[in-house]
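For reference, protein.pdb is printed below; it contains PDB, C-alpha atoms (C1' of nucleotides).
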```
ATOM      1  CA  MET Q 223     -32.662-113.087  45.691  1.00  0.00           C
ATOM      2  CA  LYS Q 224     -32.186-115.787  48.275  1.00  0.00           C
ATOM      3  CA  ASN Q 225     -34.413-114.317  50.952  1.00  0.00           C
ATOM      4  CA  TYR Q 226     -36.944-112.847  48.550  1.00  0.00           C
ATOM      5  CA  PHE Q 227     -39.804-113.391  50.954  1.00  0.00           C
ATOM      6  CA  PHE Q 228     -38.083-111.350  53.653  1.00  0.00           C
ATOM      7  CA  GLN Q 229     -37.424-108.521  51.206  1.00  0.00           C
ATOM      8  CA  LYS Q 230     -41.083-108.556  50.266  1.00  0.00           C
ATOM      9  CA  VAL Q 231     -42.085-108.401  53.924  1.00  0.00           C
ATOM     10  CA  TYR Q 232     -39.793-105.444  54.537  1.00  0.00           C
ATOM     11  CA  ALA Q 233     -41.098-103.645  51.451  1.00  0.00           C
ATOM     12  CA  VAL Q 234     -44.680-103.968  52.630  1.00  0.00           C
ATOM     13  CA  ALA Q 235     -43.738-102.962  56.179  1.00  0.00           C
ATOM     14  CA  LYS Q 236     -42.089 -99.770  54.916  1.00  0.00           C
ATOM     15  CA  ASP Q 237     -45.328 -98.950  53.164  1.00  0.00           C
ATOM     16  CA  ILE Q 238     -47.384 -98.900  56.351  1.00  0.00           C
ATOM     17  CA  PRO Q 239     -48.497 -95.289  56.905  1.00  0.00           C
ATOM     18  CA  LYS Q 240     -47.919 -93.504  60.188  1.00  0.00           C
ATOM     19  CA  GLY Q 241     -50.779 -93.996  62.613  1.00  0.00           C
ATOM     20  CA  LYS Q 242     -51.702 -97.380  61.219  1.00  0.00           C
ATOM     21  CA  VAL Q 243     -50.782-100.962  62.129  1.00  0.00           C
ATOM     22  CA  ILE Q 244     -50.934-104.308  60.358  1.00  0.00           C
ATOM     23  CA  THR Q 245     -51.132-107.880  61.617  1.00  0.00           C
ATOM     24  CA  TYR Q 246     -48.499-110.555  61.013  1.00  0.00           C
ATOM     25  CA  LYS Q 247     -51.110-112.591  59.217  1.00  0.00           C
ATOM     26  CA  LEU Q 248     -52.097-109.806  56.822  1.00  0.00           C
ATOM     27  CA  LEU Q 249     -48.467-108.890  56.219  1.00  0.00           C
ATOM     28  CA  ALA Q 250     -47.742-112.486  55.243  1.00  0.00           C
ATOM     29  CA  LYS Q 251     -50.632-112.351  52.812  1.00  0.00           C
ATOM     30  CA  LEU Q 252     -49.400-109.126  51.228  1.00  0.00           C
ATOM     31  CA  ALA Q 253     -45.922-110.637  50.953  1.00  0.00           C
ATOM     32  CA  GLY Q 254     -47.338-113.437  48.869  1.00  0.00           C
ATOM     33  CA  SER Q 255     -47.593-116.288  51.388  1.00  0.00           C
ATOM     34  CA  PRO Q 256     -50.811-116.112  53.460  1.00  0.00           C
ATOM     35  CA  GLY Q 257     -49.737-118.862  55.802  1.00  0.00           C
ATOM     36  CA  ALA Q 258     -46.193-117.711  56.402  1.00  0.00           C
ATOM     37  CA  TYR Q 259     -46.941-115.540  59.421  1.00  0.00           C
ATOM     38  CA  ARG Q 260     -44.264-117.389  61.357  1.00  0.00           C
ATOM     39  CA  ALA Q 261     -41.750-116.414  58.711  1.00  0.00           C
ATOM     40  CA  VAL Q 262     -42.912-112.797  59.016  1.00  0.00           C
ATOM     41  CA  GLY Q 263     -42.063-112.946  62.675  1.00  0.00           C
ATOM     42  CA  SER Q 264     -38.616-114.226  61.788  1.00  0.00           C
ATOM     43  CA  ALA Q 265     -38.193-111.414  59.297  1.00  0.00           C
ATOM     44  CA  MET Q 266     -39.091-108.805  61.887  1.00  0.00           C
ATOM     45  CA  ALA Q 267     -36.755-110.374  64.442  1.00  0.00           C
ATOM     46  CA  GLN Q 268     -33.914-110.103  61.938  1.00  0.00           C
ATOM     47  CA  ASN Q 269     -34.910-106.623  60.871  1.00  0.00           C
ATOM     48  CA  PRO Q 270     -31.791-105.318  59.042  1.00  0.00           C
ATOM     49  CA  ASP Q 271     -32.761-101.649  59.218  1.00  0.00           C
ATOM     50  CA  ILE Q 272     -34.753-100.765  62.311  1.00  0.00           C
ATOM     51  CA  THR Q 273     -34.730 -97.098  61.301  1.00  0.00           C
ATOM     52  CA  SER Q 274     -36.497 -97.480  57.982  1.00  0.00           C
ATOM     53  CA  ILE Q 275     -38.647-100.516  58.675  1.00  0.00           C
ATOM     54  CA  PRO Q 276     -41.453 -99.648  61.122  1.00  0.00           C
ATOM     55  CA  CYS Q 277     -41.733-103.114  62.598  1.00  0.00           C
ATOM     56  CA  HIS Q 278     -43.431-101.644  65.657  1.00  0.00           C
ATOM     57  CA  ARG Q 279     -46.488-101.251  63.435  1.00  0.00           C
ATOM     58  CA  VAL Q 280     -46.774-105.016  63.072  1.00  0.00           C
ATOM     59  CA  VAL Q 281     -48.957-106.599  65.743  1.00  0.00           C
ATOM     60  CA  GLY Q 282     -50.676-109.908  66.432  1.00  0.00           C
ATOM     61  CA  SER Q 283     -54.001-110.890  64.870  1.00  0.00           C
ATOM     62  CA  ASP Q 284     -55.905-109.572  67.873  1.00  0.00           C
ATOM     63  CA  GLY Q 285     -53.821-106.442  68.239  1.00  0.00           C
ATOM     64  CA  SER Q 286     -51.595-107.912  70.910  1.00  0.00           C
ATOM     65  CA  MET Q 287     -47.834-107.392  71.170  1.00  0.00           C
ATOM     66  CA  HIS Q 288     -45.438-110.293  70.773  1.00  0.00           C
ATOM     67  CA  GLY Q 289     -41.978-108.854  70.595  1.00  0.00           C
ATOM     68  CA  TYR Q 290     -39.690-106.033  69.605  1.00  0.00           C
ATOM     69  CA  SER Q 291     -35.934-106.225  69.228  1.00  0.00           C
ATOM     70  CA  ALA Q 292     -35.127-102.533  69.493  1.00  0.00           C
ATOM     71  CA  GLY Q 293     -35.077-100.189  72.465  1.00  0.00           C
ATOM     72  CA  GLU Q 294     -36.625-101.693  75.562  1.00  0.00           C
ATOM     73  CA  GLY Q 295     -38.662-104.237  73.656  1.00  0.00           C
ATOM     74  CA  ILE Q 296     -42.439-104.300  73.948  1.00  0.00           C
ATOM     75  CA  LYS Q 297     -42.392-101.182  76.083  1.00  0.00           C
ATOM     76  CA  THR Q 298     -40.649 -99.176  73.363  1.00  0.00           C
ATOM     77  CA  LYS Q 299     -42.990-100.613  70.760  1.00  0.00           C
ATOM     78  CA  ILE Q 300     -46.056 -99.452  72.682  1.00  0.00           C
ATOM     79  CA  GLU Q 301     -44.567 -96.013  73.251  1.00  0.00           C
ATOM     80  CA  LYS Q 302     -43.886 -95.558  69.538  1.00  0.00           C
ATOM     81  CA  LEU Q 303     -47.396 -96.615  68.623  1.00  0.00           C
ATOM     82  CA  LYS Q 304     -48.914 -94.225  71.133  1.00  0.00           C
ATOM     83  CA  GLN Q 305     -46.772 -91.390  69.788  1.00  0.00           C
ATOM     84  CA  GLU Q 306     -48.170 -92.067  66.330  1.00  0.00           C
ATOM     85  CA  GLY Q 307     -51.694 -91.820  67.584  1.00  0.00           C
ATOM     86  CA  ILE Q 308     -52.521 -95.523  67.625  1.00  0.00           C
ATOM     87  CA  LYS Q 309     -55.559 -96.178  69.792  1.00  0.00           C
ATOM     88  CA  PHE Q 310     -55.271 -98.873  72.465  1.00  0.00           C
ATOM     89  CA  LYS Q 311     -58.077-101.107  73.690  1.00  0.00           C
ATOM     90  CA  THR Q 312     -56.081-102.375  76.653  1.00  0.00           C
ATOM     91  CA  PRO Q 313     -52.606-101.284  77.910  1.00  0.00           C
ATOM     92  CA  ASN Q 314     -50.861-103.736  75.585  1.00  0.00           C
ATOM     93  CA  ARG Q 315     -53.384-104.353  72.841  1.00  0.00           C
ATOM     94  CA  VAL Q 316     -54.130-101.933  69.988  1.00  0.00           C
ATOM     95  CA  ASP Q 317     -57.618-101.240  68.695  1.00  0.00           C
ATOM     96  CA  LEU Q 318     -57.584-102.827  65.253  1.00  0.00           C
ATOM     97  CA  GLU Q 319     -61.091-101.523  64.579  1.00  0.00           C
ATOM     98  CA  VAL Q 320     -59.698 -98.038  63.988  1.00  0.00           C
ATOM     99  CA  SER Q 321     -55.955 -98.517  63.502  1.00  0.00           C
ATOM    100  CA  LEU Q 322     -55.658-101.506  61.191  1.00  0.00           C
ATOM    101  CA  TRP Q 323     -54.093-100.594  57.850  1.00  0.00           C
ATOM    102  CA  SER Q 324     -55.930-101.940  54.875  1.00  0.00           C
ATOM    103  CA  ILE Q 325     -54.891-101.273  51.289  1.00  0.00           C
ATOM    104  CA  PHE Q 326     -58.190-102.549  49.990  1.00  0.00           C
TER     105      PHE Q 326
ATOM    106  C1'  DT N 131     -31.096-132.560  52.133  1.00  0.00           C
ATOM    107  C1'  DC N 132     -32.742-132.659  56.843  1.00  0.00           C
ATOM    108  C1'  DC N 133     -33.583-130.581  61.238  1.00  0.00           C
ATOM    109  C1'  DT N 134     -34.332-126.742  64.230  1.00  0.00           C
ATOM    110  C1'  DT N 135     -35.943-122.244  65.249  1.00  0.00           C
ATOM    111  C1'  DG N 136     -39.169-118.289  65.519  1.00  0.00           C
ATOM    112  C1'  DA N 137     -41.590-111.041  67.381  1.00  0.00           C
ATOM    113  C1'  DC N 138     -47.655-116.496  64.971  1.00  0.00           C
ATOM    114  C1'  DT N 139     -52.430-118.382  64.688  1.00  0.00           C
ATOM    115  C1'  DG N 140     -56.551-120.879  65.699  1.00  0.00           C
ATOM    116  C1'  DG N 141     -58.912-124.224  68.334  1.00  0.00           C
ATOM    117  C1'  DC N 142     -59.755-126.420  72.625  1.00  0.00           C
ATOM    118  C1'  DT N 143     -60.047-126.696  77.713  1.00  0.00           C
TER     119       DT N 143
ATOM    120  C1'  DG B   3     -60.349-114.497  79.672  1.00  0.00           C
ATOM    121  C1'  DA B   4     -56.035-117.101  80.004  1.00  0.00           C
ATOM    122  C1'  DG B   5     -53.158-121.045  79.084  1.00  0.00           C
ATOM    123  C1'  DC B   6     -51.777-125.092  76.330  1.00  0.00           C
ATOM    124  C1'  DC B   7     -51.025-127.534  72.047  1.00  0.00           C
ATOM    125  C1'  DA B   8     -50.546-128.647  67.258  1.00  0.00           C
ATOM    126  C1'  DG B   9     -49.991-126.815  62.644  1.00  0.00           C
ATOM    127  C1'  DC B  10     -48.073-123.800  59.248  1.00  0.00           C
ATOM    128  C1'  DC B  11     -44.053-121.394  56.394  1.00  0.00           C
ATOM    129  C1'  DA B  12     -39.451-119.738  55.403  1.00  0.00           C
ATOM    130  C1'  DA B  13     -34.582-119.232  56.669  1.00  0.00           C
ATOM    131  C1'  DG B  14     -30.276-120.867  58.418  1.00  0.00           C
ATOM    132  C1'  DG B  15     -26.913-124.286  60.033  1.00  0.00           C
TER     133       DG B  15
END
```
Now that the file is in, can you turn its structure into structure tokens?
Amino acid sequence: MKNYFFQKVYAVAKDIPKGKVITYKLLAKLAGSPGAYRAVGSAMAQNPDITSIPCHRVVGSDGSMHGYSAGEGIKTKIEKLKQEGIKFKTPNRVDLEVSLWSIF
DNA sequence: TCCTTGACTGGCT
DNA sequence: GAGCCAGCCAAGG
């Protein structure tokens, strides 16, 4: 597979349970390249299947939002997270203390 | 093969 | 706490 890394990123993203979020950094690690968080961002931006890949559950290392290509962007992303019960520390920053997904 | 781009991160001011 | 800058990795032209 040419874009194997992207596929890996998508696979992990699909595995994120409802009500949980993951950081770009951790997602990169789970995809096999701990330092490729920039590439993860690229993968999300090119998300081939917005309906099956919950990219709104991917947030920055401090829980902050950076972008969202579907709906109305960040706004839609926040709305979806709230609907899933994600707890927010500030209006646009999730509370990773309670919502971060960890497979460990 | 080389260069540019990107939904990032960490450190510094 | 917010803004700026350099570094990192993979994909695409």
| request: Please indicate the distance in Å from CA of Cys277 (chain Q) to CA of Lys251 (chain Q), rounded to one decimal place. | output: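 Straight-line distance from CA of Cys277 (chain Q) to CA of Lys251 (chain Q) works out to 16.1 Å.
Pairwise distance (C1' of DC6 (chain B), C1' of DT139 (chain N)) equals 13.5 Å.
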| request: Starting from the displayed file, determine the output of the PyMOL selection byres ((chain N) within 7 of (chain Q)) and express the residue list as a ChimeraX atom specification. | output: /N:136-138
| message | List as an NGL selection string the protein and nucleic acid residues near Lys242 (chain Q), meaning an atom at most 9 Å away when all atoms listed in the file are counted, but skip any in the same chain fewer than 6 places from it. | response | :Q and (279 or 303 or 306-308 or 318 or 320-324)
Any chance you could tabulate, as JSON lines, the residues of chain B at most 7 Å from chain Q with each one's nearest atom pair and distance in Å to one decimal, using only C-alpha atoms (C1' of nucleotides), in chain and rising number order?
```
{"residue": "B:DC10", "atom": "C1'", "partner": "Q:Gly257", "partner_atom": "CA", "distance": 6.2}
{"residue": "B:DC11", "atom": "C1'", "partner": "Q:Ala258", "partner_atom": "CA", "distance": 4.3}
{"residue": "B:DA12", "atom": "C1'", "partner": "Q:Ala261", "partner_atom": "CA", "distance": 5.2}
```
| request: Grab the CA of Lys299 (chain Q) to CA of Lys240 (chain Q) distance for me, in Å with one decimal place. | output: 13.7 Å
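Every residue that the PyMOL selection byres ((chain N and resi 142) around 10) selects in this file is listed here: DG140, DG141 and DT143 of chain N; DC6 and DC7 of chain B.
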Would you place a box with edges along x, y and z of the file around all atoms of region 5-9 of chain B listed there, add 5 Å to each of its six sides, and report the centre and edge lengths in Å to one decimal, as lines of an AutoDock Vina configuration file?
```
center_x = -51.6
center_y = -124.8
center_z = 70.9
size_x = 13.2
size_y = 17.6
size_z = 26.4
```
| request: Could you tell me which residues the PyMOL selection byres ((chain B and resi 14) around 10) returns for this structure, as a list in words? | output: DT134 and DT135 of chain N; DA12, DA13 and DG15 of chain B
